[in-house]
file data_6.pdb (PDB, C-alpha atoms)
ATOM      1  CA  MET A  27     -22.577 -10.184  27.996  1.00  0.00           C
ATOM      2  CA  THR A  28     -19.838  -9.278  25.522  1.00  0.00           C
ATOM      3  CA  ALA A  29     -16.755 -11.320  24.817  1.00  0.00           C
ATOM      4  CA  SER A  30     -14.603  -8.764  26.622  1.00  0.00           C
ATOM      5  CA  ALA A  31     -16.806  -8.784  29.745  1.00  0.00           C
ATOM      6  CA  GLU A  32     -17.116 -12.543  30.254  1.00  0.00           C
ATOM      7  CA  ARG A  33     -16.208 -14.729  33.220  1.00  0.00           C
ATOM      8  CA  PRO A  34     -12.544 -15.538  33.948  1.00  0.00           C
ATOM      9  CA  PRO A  35     -10.868 -18.289  31.868  1.00  0.00           C
ATOM     10  CA  SER A  36     -11.677 -21.860  32.811  1.00  0.00           C
ATOM     11  CA  LEU A  37      -8.855 -24.043  34.131  1.00  0.00           C
ATOM     12  CA  LEU A  38     -10.713 -27.184  33.066  1.00  0.00           C
ATOM     13  CA  ILE A  39     -11.254 -25.970  29.492  1.00  0.00           C
ATOM     14  CA  ARG A  40      -7.617 -24.851  29.280  1.00  0.00           C
ATOM     15  CA  TRP A  41      -6.216 -28.265  30.193  1.00  0.00           C
ATOM     16  CA  PHE A  42      -8.775 -30.059  28.053  1.00  0.00           C
ATOM     17  CA  ARG A  43      -7.552 -28.093  25.026  1.00  0.00           C
ATOM     18  CA  ILE A  44      -3.893 -28.599  25.912  1.00  0.00           C
ATOM     19  CA  ALA A  45      -4.517 -32.341  26.148  1.00  0.00           C
ATOM     20  CA  GLY A  46      -6.224 -32.235  22.764  1.00  0.00           C
ATOM     21  CA  LEU A  47      -3.247 -30.460  21.169  1.00  0.00           C
ATOM     22  CA  VAL A  48      -0.793 -32.962  22.661  1.00  0.00           C
ATOM     23  CA  LEU A  49      -2.891 -35.875  21.400  1.00  0.00           C
ATOM     24  CA  LEU A  50      -3.165 -34.293  17.946  1.00  0.00           C
ATOM     25  CA  PHE A  51       0.610 -33.912  17.730  1.00  0.00           C
ATOM     26  CA  ALA A  52       1.169 -37.492  18.895  1.00  0.00           C
ATOM     27  CA  MET A  53      -1.193 -38.793  16.212  1.00  0.00           C
ATOM     28  CA  LEU A  54      -0.170 -36.671  13.234  1.00  0.00           C
ATOM     29  CA  ALA A  55       3.584 -36.182  13.683  1.00  0.00           C
ATOM     30  CA  PRO A  56       4.419 -39.818  12.803  1.00  0.00           C
ATOM     31  CA  VAL A  57       2.072 -39.721   9.795  1.00  0.00           C
ATOM     32  CA  HIS A  58       3.715 -36.507   8.597  1.00  0.00           C
ATOM     33  CA  ILE A  59       7.242 -37.886   8.991  1.00  0.00           C
ATOM     34  CA  ILE A  60       6.379 -41.121   7.178  1.00  0.00           C
ATOM     35  CA  SER A  61       4.661 -39.176   4.393  1.00  0.00           C
ATOM     36  CA  LYS A  62       7.770 -37.032   3.860  1.00  0.00           C
ATOM     37  CA  TRP A  63      10.002 -40.111   3.924  1.00  0.00           C
ATOM     38  CA  VAL A  64       7.889 -42.137   1.469  1.00  0.00           C
ATOM     39  CA  LEU A  65       6.484 -39.435  -0.821  1.00  0.00           C
ATOM     40  CA  GLY A  66       9.028 -36.655  -0.366  1.00  0.00           C
ATOM     41  CA  ARG A  67       6.262 -34.250   0.677  1.00  0.00           C
ATOM     42  CA  SER A  68       3.451 -33.949   3.176  1.00  0.00           C
ATOM     43  CA  LEU A  69       0.085 -32.209   3.306  1.00  0.00           C
ATOM     44  CA  TRP A  70      -0.216 -32.742   7.047  1.00  0.00           C
ATOM     45  CA  PRO A  71       1.183 -29.423   8.351  1.00  0.00           C
ATOM     46  CA  SER A  72      -1.821 -27.435   7.110  1.00  0.00           C
ATOM     47  CA  ARG A  73      -4.175 -30.165   8.292  1.00  0.00           C
ATOM     48  CA  PHE A  74      -2.537 -30.120  11.706  1.00  0.00           C
ATOM     49  CA  LEU A  75      -2.954 -26.341  11.923  1.00  0.00           C
ATOM     50  CA  ALA A  76      -6.605 -26.529  10.840  1.00  0.00           C
ATOM     51  CA  ILE A  77      -7.466 -29.129  13.481  1.00  0.00           C
ATOM     52  CA  ALA A  78      -5.421 -27.316  16.136  1.00  0.00           C
ATOM     53  CA  THR A  79      -7.424 -24.170  15.381  1.00  0.00           C
ATOM     54  CA  ARG A  80     -10.657 -25.989  16.165  1.00  0.00           C
ATOM     55  CA  ILE A  81      -9.215 -27.559  19.320  1.00  0.00           C
ATOM     56  CA  CYS A  82      -8.328 -24.059  20.530  1.00  0.00           C
ATOM     57  CA  GLY A  83     -12.006 -23.162  20.232  1.00  0.00           C
ATOM     58  CA  VAL A  84     -11.720 -20.999  17.127  1.00  0.00           C
ATOM     59  CA  ARG A  85     -14.404 -21.054  14.434  1.00  0.00           C
ATOM     60  CA  VAL A  86     -13.144 -19.670  11.115  1.00  0.00           C
ATOM     61  CA  SER A  87     -15.189 -18.103   8.333  1.00  0.00           C
ATOM     62  CA  ILE A  88     -13.522 -17.317   4.997  1.00  0.00           C
ATOM     63  CA  GLU A  89     -14.518 -14.463   2.707  1.00  0.00           C
ATOM     64  CA  GLY A  90     -12.990 -13.819  -0.700  1.00  0.00           C
ATOM     65  CA  ALA A  91     -11.375 -15.812  -3.489  1.00  0.00           C
ATOM     66  CA  PRO A  92      -8.954 -18.562  -2.396  1.00  0.00           C
ATOM     67  CA  LEU A  93      -5.256 -17.756  -2.456  1.00  0.00           C
ATOM     68  CA  GLU A  94      -3.534 -18.897  -5.604  1.00  0.00           C
ATOM     69  CA  PRO A  95      -0.056 -20.468  -5.683  1.00  0.00           C
ATOM     70  CA  HIS A  96       2.861 -18.010  -5.498  1.00  0.00           C
ATOM     71  CA  THR A  97       0.828 -15.438  -3.564  1.00  0.00           C
ATOM     72  CA  PHE A  98       2.539 -13.044  -1.176  1.00  0.00           C
ATOM     73  CA  VAL A  99       0.147 -12.296   1.687  1.00  0.00           C
ATOM     74  CA  ILE A 100       0.286  -9.136   3.794  1.00  0.00           C
ATOM     75  CA  ALA A 101      -1.748  -9.595   6.974  1.00  0.00           C
ATOM     76  CA  ASN A 102      -2.490  -7.898  10.277  1.00  0.00           C
ATOM     77  CA  HIS A 103      -1.173  -9.567  13.411  1.00  0.00           C
ATOM     78  CA  THR A 104      -3.184  -9.831  16.622  1.00  0.00           C
ATOM     79  CA  SER A 105      -2.363 -13.206  18.130  1.00  0.00           C
ATOM     80  CA  TRP A 106      -0.376 -16.429  17.872  1.00  0.00           C
ATOM     81  CA  LEU A 107      -3.710 -17.844  16.705  1.00  0.00           C
ATOM     82  CA  ASP A 108      -3.139 -16.021  13.386  1.00  0.00           C
ATOM     83  CA  ILE A 109      -0.557 -18.691  12.466  1.00  0.00           C
ATOM     84  CA  LEU A 110      -2.964 -21.553  13.093  1.00  0.00           C
ATOM     85  CA  ILE A 111      -5.821 -19.776  11.329  1.00  0.00           C
ATOM     86  CA  LEU A 112      -4.005 -18.704   8.156  1.00  0.00           C
ATOM     87  CA  GLY A 113      -1.920 -21.859   7.959  1.00  0.00           C
ATOM     88  CA  GLY A 114      -4.916 -24.127   8.450  1.00  0.00           C
ATOM     89  CA  SER A 115      -7.586 -22.301   6.454  1.00  0.00           C
ATOM     90  CA  ALA A 116      -5.485 -20.761   3.640  1.00  0.00           C
ATOM     91  CA  GLY A 117      -2.466 -23.078   3.546  1.00  0.00           C
ATOM     92  CA  CYS A 118       0.046 -20.283   4.199  1.00  0.00           C
ATOM     93  CA  ALA A 119       3.685 -20.457   5.122  1.00  0.00           C
ATOM     94  CA  PHE A 120       5.094 -17.556   7.144  1.00  0.00           C
ATOM     95  CA  VAL A 121       7.960 -15.139   7.513  1.00  0.00           C
ATOM     96  CA  SER A 122       9.039 -15.224  11.149  1.00  0.00           C
ATOM     97  CA  LYS A 123      11.713 -13.868  13.429  1.00  0.00           C
ATOM     98  CA  ALA A 124      14.692 -16.199  13.790  1.00  0.00           C
ATOM     99  CA  GLU A 125      14.063 -16.744  17.516  1.00  0.00           C
ATOM    100  CA  VAL A 126      11.127 -18.985  16.619  1.00  0.00           C
ATOM    101  CA  GLN A 127      13.442 -21.495  14.941  1.00  0.00           C
ATOM    102  CA  ARG A 128      15.488 -21.780  18.131  1.00  0.00           C
ATOM    103  CA  THR A 129      12.442 -22.482  20.312  1.00  0.00           C
ATOM    104  CA  PRO A 130      12.150 -26.188  21.248  1.00  0.00           C
ATOM    105  CA  LEU A 131       9.306 -28.006  19.470  1.00  0.00           C
ATOM    106  CA  ILE A 132       7.808 -24.747  18.136  1.00  0.00           C
ATOM    107  CA  GLY A 133      10.840 -24.377  15.873  1.00  0.00           C
ATOM    108  CA  TRP A 134      10.428 -27.919  14.560  1.00  0.00           C
ATOM    109  CA  LEU A 135       6.736 -27.342  13.885  1.00  0.00           C
ATOM    110  CA  ALA A 136       7.517 -24.096  12.062  1.00  0.00           C
ATOM    111  CA  ASP A 137      10.138 -25.876   9.946  1.00  0.00           C
ATOM    112  CA  GLN A 138       7.546 -28.379   8.743  1.00  0.00           C
ATOM    113  CA  ASN A 139       5.445 -25.556   7.292  1.00  0.00           C
ATOM    114  CA  ARG A 140       8.332 -24.012   5.316  1.00  0.00           C
ATOM    115  CA  THR A 141       8.756 -20.983   7.607  1.00  0.00           C
ATOM    116  CA  VAL A 142      11.219 -18.329   6.427  1.00  0.00           C
ATOM    117  CA  TYR A 143      13.334 -17.036   9.317  1.00  0.00           C
ATOM    118  CA  ILE A 144      14.516 -13.438   9.385  1.00  0.00           C
ATOM    119  CA  GLU A 145      17.224 -12.007  11.636  1.00  0.00           C
ATOM    120  CA  ARG A 146      15.503  -8.661  12.200  1.00  0.00           C
ATOM    121  CA  ALA A 147      18.174  -7.405  14.610  1.00  0.00           C
ATOM    122  CA  GLU A 148      20.943  -7.570  12.004  1.00  0.00           C
ATOM    123  CA  ARG A 149      21.154  -4.153  10.416  1.00  0.00           C
ATOM    124  CA  GLY A 150      22.438  -4.019   6.883  1.00  0.00           C
ATOM    125  CA  ASN A 151      21.045  -7.501   6.228  1.00  0.00           C
ATOM    126  CA  ALA A 152      17.996  -6.338   4.253  1.00  0.00           C
ATOM    127  CA  HIS A 153      19.382  -7.677   0.960  1.00  0.00           C
ATOM    128  CA  ARG A 154      19.697 -11.170   2.411  1.00  0.00           C
ATOM    129  CA  GLN A 155      16.157 -10.994   3.812  1.00  0.00           C
ATOM    130  CA  VAL A 156      14.787 -10.014   0.416  1.00  0.00           C
ATOM    131  CA  GLU A 157      16.639 -12.942  -1.192  1.00  0.00           C
ATOM    132  CA  GLN A 158      15.141 -15.348   1.355  1.00  0.00           C
ATOM    133  CA  ILE A 159      11.614 -14.175   0.573  1.00  0.00           C
ATOM    134  CA  ALA A 160      12.198 -14.252  -3.187  1.00  0.00           C
ATOM    135  CA  ASP A 161      13.481 -17.828  -2.907  1.00  0.00           C
ATOM    136  CA  ALA A 162      10.456 -18.859  -0.826  1.00  0.00           C
ATOM    137  CA  LEU A 163       8.065 -17.387  -3.401  1.00  0.00           C
ATOM    138  CA  GLU A 164       9.420 -19.814  -5.981  1.00  0.00           C
ATOM    139  CA  HIS A 165       7.513 -22.494  -4.074  1.00  0.00           C
ATOM    140  CA  PRO A 166       3.762 -22.469  -4.800  1.00  0.00           C
ATOM    141  CA  GLN A 167       2.698 -22.288  -1.146  1.00  0.00           C
ATOM    142  CA  PRO A 168       1.371 -18.791  -0.291  1.00  0.00           C
ATOM    143  CA  LEU A 169       3.782 -16.875   1.928  1.00  0.00           C
ATOM    144  CA  THR A 170       2.539 -14.529   4.661  1.00  0.00           C
ATOM    145  CA  VAL A 171       4.326 -11.597   6.267  1.00  0.00           C
ATOM    146  CA  PHE A 172       3.079  -9.595   9.255  1.00  0.00           C
ATOM    147  CA  PRO A 173       4.508  -6.118   8.540  1.00  0.00           C
ATOM    148  CA  GLU A 174       3.469  -4.723  11.921  1.00  0.00           C
ATOM    149  CA  GLY A 175       6.431  -6.704  13.248  1.00  0.00           C
ATOM    150  CA  THR A 176       4.612  -7.740  16.422  1.00  0.00           C
ATOM    151  CA  THR A 177       1.183  -8.618  17.759  1.00  0.00           C
ATOM    152  CA  GLY A 178      -1.185  -5.986  19.117  1.00  0.00           C
ATOM    153  CA  ASP A 179      -4.305  -5.426  21.181  1.00  0.00           C
ATOM    154  CA  GLY A 180      -6.612  -6.209  18.271  1.00  0.00           C
ATOM    155  CA  ARG A 181      -8.225  -2.779  18.339  1.00  0.00           C
ATOM    156  CA  HIS A 182      -5.571  -0.689  16.620  1.00  0.00           C
ATOM    157  CA  LEU A 183      -3.441  -1.427  13.596  1.00  0.00           C
ATOM    158  CA  LEU A 184       0.242  -0.624  14.017  1.00  0.00           C
ATOM    159  CA  PRO A 185       2.288   0.998  11.223  1.00  0.00           C
ATOM    160  CA  PHE A 186       3.395  -1.401   8.474  1.00  0.00           C
ATOM    161  CA  ARG A 187       7.138  -1.784   7.973  1.00  0.00           C
ATOM    162  CA  SER A 188       8.028  -1.927   4.309  1.00  0.00           C
ATOM    163  CA  THR A 189      11.521  -3.487   4.333  1.00  0.00           C
ATOM    164  CA  LEU A 190      10.399  -7.044   3.634  1.00  0.00           C
ATOM    165  CA  LEU A 191       8.035  -5.857   0.896  1.00  0.00           C
ATOM    166  CA  HIS A 192      10.987  -4.967  -1.304  1.00  0.00           C
ATOM    167  CA  ALA A 193      10.926  -8.556  -2.593  1.00  0.00           C
ATOM    168  CA  VAL A 194       7.499  -7.958  -4.172  1.00  0.00           C
ATOM    169  CA  ALA A 195       7.945  -4.365  -5.355  1.00  0.00           C
ATOM    170  CA  PRO A 196       7.305  -5.331  -8.052  1.00  0.00           C
ATOM    171  CA  PRO A 197       6.318  -8.999  -7.551  1.00  0.00           C
ATOM    172  CA  PRO A 198       8.150 -11.663  -9.582  1.00  0.00           C
ATOM    173  CA  PRO A 199       6.405 -12.709 -12.835  1.00  0.00           C
ATOM    174  CA  GLY A 200       3.401 -14.895 -12.087  1.00  0.00           C
ATOM    175  CA  ASP A 201       3.229 -13.847  -8.417  1.00  0.00           C
ATOM    176  CA  SER A 202       0.597 -11.659  -6.791  1.00  0.00           C
ATOM    177  CA  VAL A 203       0.361  -9.605  -3.603  1.00  0.00           C
ATOM    178  CA  ARG A 204      -2.821  -9.794  -1.555  1.00  0.00           C
ATOM    179  CA  PRO A 205      -3.759  -8.148   1.735  1.00  0.00           C
ATOM    180  CA  VAL A 206      -5.603 -10.394   4.187  1.00  0.00           C
ATOM    181  CA  ALA A 207      -7.587  -9.180   7.200  1.00  0.00           C
ATOM    182  CA  VAL A 208      -7.853 -11.529  10.181  1.00  0.00           C
ATOM    183  CA  ASP A 209     -10.889 -10.088  11.954  1.00  0.00           C
ATOM    184  CA  TYR A 210     -11.677 -11.294  15.481  1.00  0.00           C
ATOM    185  CA  GLY A 211     -14.555  -8.835  15.796  1.00  0.00           C
ATOM    186  CA  GLU A 212     -15.906  -8.748  19.351  1.00  0.00           C
ATOM    187  CA  TYR A 213     -13.273 -11.326  20.376  1.00  0.00           C
ATOM    188  CA  ALA A 214     -10.333  -9.021  19.636  1.00  0.00           C
ATOM    189  CA  ASP A 215     -10.020  -8.180  23.334  1.00  0.00           C
ATOM    190  CA  VAL A 216      -9.971 -11.883  24.186  1.00  0.00           C
ATOM    191  CA  VAL A 217      -7.117 -12.859  21.870  1.00  0.00           C
ATOM    192  CA  GLY A 218      -5.192  -9.571  21.638  1.00  0.00           C
ATOM    193  CA  TRP A 219      -1.559 -10.015  22.670  1.00  0.00           C
ATOM    194  CA  HIS A 220       0.063  -6.715  23.540  1.00  0.00           C
ATOM    195  CA  SER A 221       3.527  -5.888  24.828  1.00  0.00           C
ATOM    196  CA  GLY A 222       2.479  -5.784  28.467  1.00  0.00           C
ATOM    197  CA  GLU A 223       1.380  -9.434  28.627  1.00  0.00           C
ATOM    198  CA  PRO A 224       3.839 -12.353  28.843  1.00  0.00           C
ATOM    199  CA  GLY A 225       3.461 -14.818  25.991  1.00  0.00           C
ATOM    200  CA  MET A 226       2.645 -17.855  28.123  1.00  0.00           C
ATOM    201  CA  ALA A 227       0.074 -15.870  30.085  1.00  0.00           C
ATOM    202  CA  ASN A 228      -1.662 -14.983  26.824  1.00  0.00           C
ATOM    203  CA  VAL A 229      -1.641 -18.601  25.640  1.00  0.00           C
ATOM    204  CA  MET A 230      -3.112 -19.862  28.917  1.00  0.00           C
ATOM    205  CA  ARG A 231      -5.748 -17.125  28.934  1.00  0.00           C
ATOM    206  CA  VAL A 232      -6.859 -17.780  25.361  1.00  0.00           C
ATOM    207  CA  LEU A 233      -6.937 -21.553  25.829  1.00  0.00           C
ATOM    208  CA  GLY A 234      -9.123 -21.104  28.894  1.00  0.00           C
ATOM    209  CA  HIS A 235     -11.685 -18.992  27.050  1.00  0.00           C
ATOM    210  CA  ARG A 236     -15.218 -20.208  27.721  1.00  0.00           C
ATOM    211  CA  GLY A 237     -16.964 -20.988  24.445  1.00  0.00           C
ATOM    212  CA  ALA A 238     -15.956 -20.478  20.834  1.00  0.00           C
ATOM    213  CA  ILE A 239     -13.964 -17.614  19.322  1.00  0.00           C
ATOM    214  CA  ASP A 240     -15.362 -16.531  15.965  1.00  0.00           C
ATOM    215  CA  VAL A 241     -12.937 -15.082  13.427  1.00  0.00           C
ATOM    216  CA  THR A 242     -13.450 -13.986   9.845  1.00  0.00           C
ATOM    217  CA  VAL A 243     -10.560 -14.195   7.391  1.00  0.00           C
ATOM    218  CA  ARG A 244     -11.096 -11.739   4.554  1.00  0.00           C
ATOM    219  CA  LEU A 245      -8.972 -12.612   1.522  1.00  0.00           C
ATOM    220  CA  LEU A 246      -8.846  -9.247  -0.229  1.00  0.00           C
ATOM    221  CA  GLY A 247      -8.143  -8.578  -3.888  1.00  0.00           C
ATOM    222  CA  PRO A 248      -4.612  -8.397  -5.347  1.00  0.00           C
ATOM    223  CA  LEU A 249      -2.804  -5.082  -5.144  1.00  0.00           C
ATOM    224  CA  PRO A 250      -1.561  -3.477  -8.360  1.00  0.00           C
ATOM    225  CA  PRO A 251       2.158  -4.034  -9.045  1.00  0.00           C
ATOM    226  CA  THR A 252       4.441  -1.221  -7.963  1.00  0.00           C
ATOM    227  CA  THR A 253       8.132  -0.591  -7.510  1.00  0.00           C
ATOM    228  CA  ASP A 254       7.458   1.539  -4.409  1.00  0.00           C
ATOM    229  CA  ARG A 255       7.516  -0.736  -1.356  1.00  0.00           C
ATOM    230  CA  LYS A 256       6.357   2.070   0.952  1.00  0.00           C
ATOM    231  CA  ALA A 257       3.351   2.747  -1.264  1.00  0.00           C
ATOM    232  CA  LEU A 258       2.646  -0.995  -1.269  1.00  0.00           C
ATOM    233  CA  ALA A 259       2.686  -1.026   2.541  1.00  0.00           C
ATOM    234  CA  ARG A 260       0.291   1.933   2.665  1.00  0.00           C
ATOM    235  CA  GLN A 261      -2.095   0.330   0.170  1.00  0.00           C
ATOM    236  CA  ALA A 262      -2.129  -2.983   2.025  1.00  0.00           C
ATOM    237  CA  ARG A 263      -2.667  -1.337   5.388  1.00  0.00           C
ATOM    238  CA  ALA A 264      -5.475   0.854   4.094  1.00  0.00           C
ATOM    239  CA  ALA A 265      -7.272  -2.152   2.607  1.00  0.00           C
ATOM    240  CA  ILE A 266      -6.933  -4.142   5.845  1.00  0.00           C
ATOM    241  CA  VAL A 267      -8.127  -1.277   8.053  1.00  0.00           C
ATOM    242  CA  VAL A 268     -11.350  -1.030   6.055  1.00  0.00           C
ATOM    243  CA  ALA A 269     -11.892  -4.793   6.317  1.00  0.00           C
ATOM    244  CA  LEU A 270     -11.448  -5.040  10.109  1.00  0.00           C
ATOM    245  CA  SER A 271     -14.566  -4.608  12.203  1.00  0.00           C
ATOM    246  CA  SER A 272     -12.441  -4.844  15.370  1.00  0.00           C
ATOM    247  CA  VAL A 273     -10.327  -1.748  14.628  1.00  0.00           C
ATOM    248  CA  HIS A 274     -11.495   1.585  15.946  1.00  0.00           C
ATOM    249  CA  GLY A 275     -10.018   4.955  16.771  1.00  0.00           C
ATOM    250  CA  PRO A 276      -7.119   6.681  14.976  1.00  0.00           C
ATOM    251  CA  THR A 277      -5.258   4.465  12.510  1.00  0.00           C
ATOM    252  CA  GLY A 278      -2.804   6.909  11.021  1.00  0.00           C
ATOM    253  CA  LEU A 279      -0.120   5.498   8.758  1.00  0.00           C
TER     254      LEU A 279
END
call {"tool": "encode", "arguments": {"input": "data_6.pdb", "output": "structure tokens"}}
result
Amino acid sequence: MTASAERPPSLLIRWFRIAGLVLLFAMLAPVHIISKWVLGRSLWPSRFLAIATRICGVRVSIEGAPLEPHTFVIANHTSWLDILILGGSAGCAFVSKAEVQRTPLIGWLADQNRTVYIERAERGNAHRQVEQIADALEHPQPLTVFPEGTTGDGRHLLPFRSTLLHAVAPPPPGDSVRPVAVDYGEYADVVGWHSGEPGMANVMRVLGHRGAIDVTVRLLGPLPPTTDRKALARQARAAIVVALSSVHGPTGL
């Protein structure tokens, strides 16, 4: 039986995992707050994401050299699990749409991991968005952007938007740009979040998955510096397509 042809999600497993996530937050949030208050910094956000990944039933394998400080990551986007996986296993911060910041609790959690919020709907604001990303890259924490702009079904890679890549075309001195492939393999159909499925329905379905979800994170080599953001988007997308076992069919740029 394949992952896409399994039994319906389990209500018991779903609520067991939700309870685990609530307990994890209750335990680590105070430690994180105290750490920031006493030390001025905290390592707990990435630890929280790593443990939350396991609670959600995801088993992560990493391939490739670890991300260095001041790395700009270009990744494919299949699921909300991508945030937990890349934040927990690679220590990434993220570029996100501004609506996330206004979401109760989720916004607070995103703030703790140095999320950069972009008002995508504001036309003519590209210069400000580039400045935000450039400022975030001054911090050593790797910064991830999902240039597809949305999640997908896990079987096809959407076109990469290049606007936000202007900040790294070319990258600031000492920074690097690396494509990263989050490959769910046979579980792509399980976690894929496409436009026809409400967000909460996807969360409940994934959390009720029977058994583990195996994912491989492939940290690909740095891309050569370029001043052409569109060429950079094409190069990153091409590298990710090759690295994804879950992608099939036409993948035209």
call {"tool": "resolve_selection", "arguments": {"input": "data_6.pdb", "expression": "the PyMOL selection byres ((chain A and resi 58) around 12)", "output": "PyMOL selection string"}}
result
chain A and resi 50-57+59-74+135+138-139
call {"tool": "residues_around", "arguments": {"input": "data_6.pdb", "residues": "stretch 194-203 of chain A", "least_positions_apart": "6", "cutoff": "10 Å", "atoms": "all atoms listed in the file", "output": "NGL selection string"}}
result
:A and (93-100 or 156 or 159-160 or 163-164 or 166 or 168-170 or 188 or 246-258 or 262)
call {"tool": "write_last_selection", "arguments": {"input": "data_6.pdb", "atoms": "C-alpha atoms", "output": "short mmCIF file (atom, residue, chain, number, x, y, z; two decimals), in the coordinates of the input"}}
result
data_model
loop_
_atom_site.label_atom_id
_atom_site.label_comp_id
_atom_site.auth_asym_id
_atom_site.auth_seq_id
_atom_site.Cartn_x
_atom_site.Cartn_y
_atom_site.Cartn_z
CA LEU A 93 -5.26 -17.76 -2.46
CA GLU A 94 -3.53 -18.90 -5.60
CA PRO A 95 -0.06 -20.47 -5.68
CA HIS A 96 2.86 -18.01 -5.50
CA THR A 97 0.83 -15.44 -3.56
CA PHE A 98 2.54 -13.04 -1.18
CA VAL A 99 0.15 -12.30 1.69
CA ILE A 100 0.29 -9.14 3.79
CA VAL A 156 14.79 -10.01 0.42
CA ILE A 159 11.61 -14.18 0.57
CA ALA A 160 12.20 -14.25 -3.19
CA LEU A 163 8.06 -17.39 -3.40
CA GLU A 164 9.42 -19.81 -5.98
CA PRO A 166 3.76 -22.47 -4.80
CA PRO A 168 1.37 -18.79 -0.29
CA LEU A 169 3.78 -16.88 1.93
CA THR A 170 2.54 -14.53 4.66
CA SER A 188 8.03 -1.93 4.31
CA LEU A 246 -8.85 -9.25 -0.23
CA GLY A 247 -8.14 -8.58 -3.89
CA PRO A 248 -4.61 -8.40 -5.35
CA LEU A 249 -2.80 -5.08 -5.14
CA PRO A 250 -1.56 -3.48 -8.36
CA PRO A 251 2.16 -4.03 -9.04
CA THR A 252 4.44 -1.22 -7.96
CA THR A 253 8.13 -0.59 -7.51
CA ASP A 254 7.46 1.54 -4.41
CA ARG A 255 7.52 -0.74 -1.36
CA LYS A 256 6.36 2.07 0.95
CA ALA A 257 3.35 2.75 -1.26
CA LEU A 258 2.65 -1.00 -1.27
CA ALA A 262 -2.13 -2.98 2.02
#
call {"tool": "closest_residue", "arguments": {"input": "data_6.pdb", "among": "A:Ala238, A:Gln155, A:Asn102, A:Cys118", "to": "A:Ala259", "atoms": "all atoms listed in the file"}}
result
A:Asn102
call {"tool": "atom_distance", "arguments": {"input": "data_6.pdb", "atom1": "atom CA of A:Ser122", "atom2": "atom CA of A:Glu174"}}
result
11.9 Å
call {"tool": "residues_around", "arguments": {"input": "data_6.pdb", "residues": "stretch 125-127 of chain A", "least_positions_apart": "2", "cutoff": "10 Å", "atoms": "only C-alpha atoms", "output": "PyMOL selection string"}}
result
chain A and resi 122-123+129-137+141-146
call {"tool": "resolve_selection", "arguments": {"input": "data_6.pdb", "expression": "the PyMOL selection byres ((chain A and resi 208-213) around 9)", "output": "PyMOL selection string"}}
result
chain A and resi 28-30+101-104+108+111-112+180+206-207+214-218+239-245+266+269-273
call {"tool": "atom_distance", "arguments": {"input": "data_6.pdb", "atom1": "atom CA of A:Arg140", "atom2": "atom CA of A:His182"}}
result
29.4 Å
call {"tool": "atom_distance", "arguments": {"input": "data_6.pdb", "atom1": "atom CA of A:Arg263", "atom2": "atom CA of A:Leu184"}}
result
9.1 Å
call {"tool": "closest_residue", "arguments": {"input": "data_6.pdb", "among": "A:Leu38, A:Ile44, A:Val229, A:Ala152", "to": "A:Ser105", "atoms": "all atoms listed in the file"}}
result
A:Val229
call {"tool": "closest_residue", "arguments": {"input": "data_6.pdb", "among": "A:Ser221, A:Ser115, A:Asn151, A:Gln158", "to": "A:Gly178", "atoms": "only C-alpha atoms"}}
result
A:Ser221
call {"tool": "closest_residue", "arguments": {"input": "data_6.pdb", "among": "A:Gly83, A:Gly225, A:Gly175, A:Gly90", "to": "A:Arg40", "atoms": "all atoms listed in the file"}}
result
A:Gly83
call {"tool": "closest_residue", "arguments": {"input": "data_6.pdb", "among": "A:Ser87, A:Arg260, A:Ile77, A:Pro224", "to": "A:Arg187", "atoms": "all atoms listed in the file"}}
result
A:Arg260
call {"tool": "closest_residue", "arguments": {"input": "data_6.pdb", "among": "A:Phe120, A:Ala265, A:Leu233, A:Glu157", "to": "A:Leu37", "atoms": "all atoms listed in the file"}}
result
A:Leu233
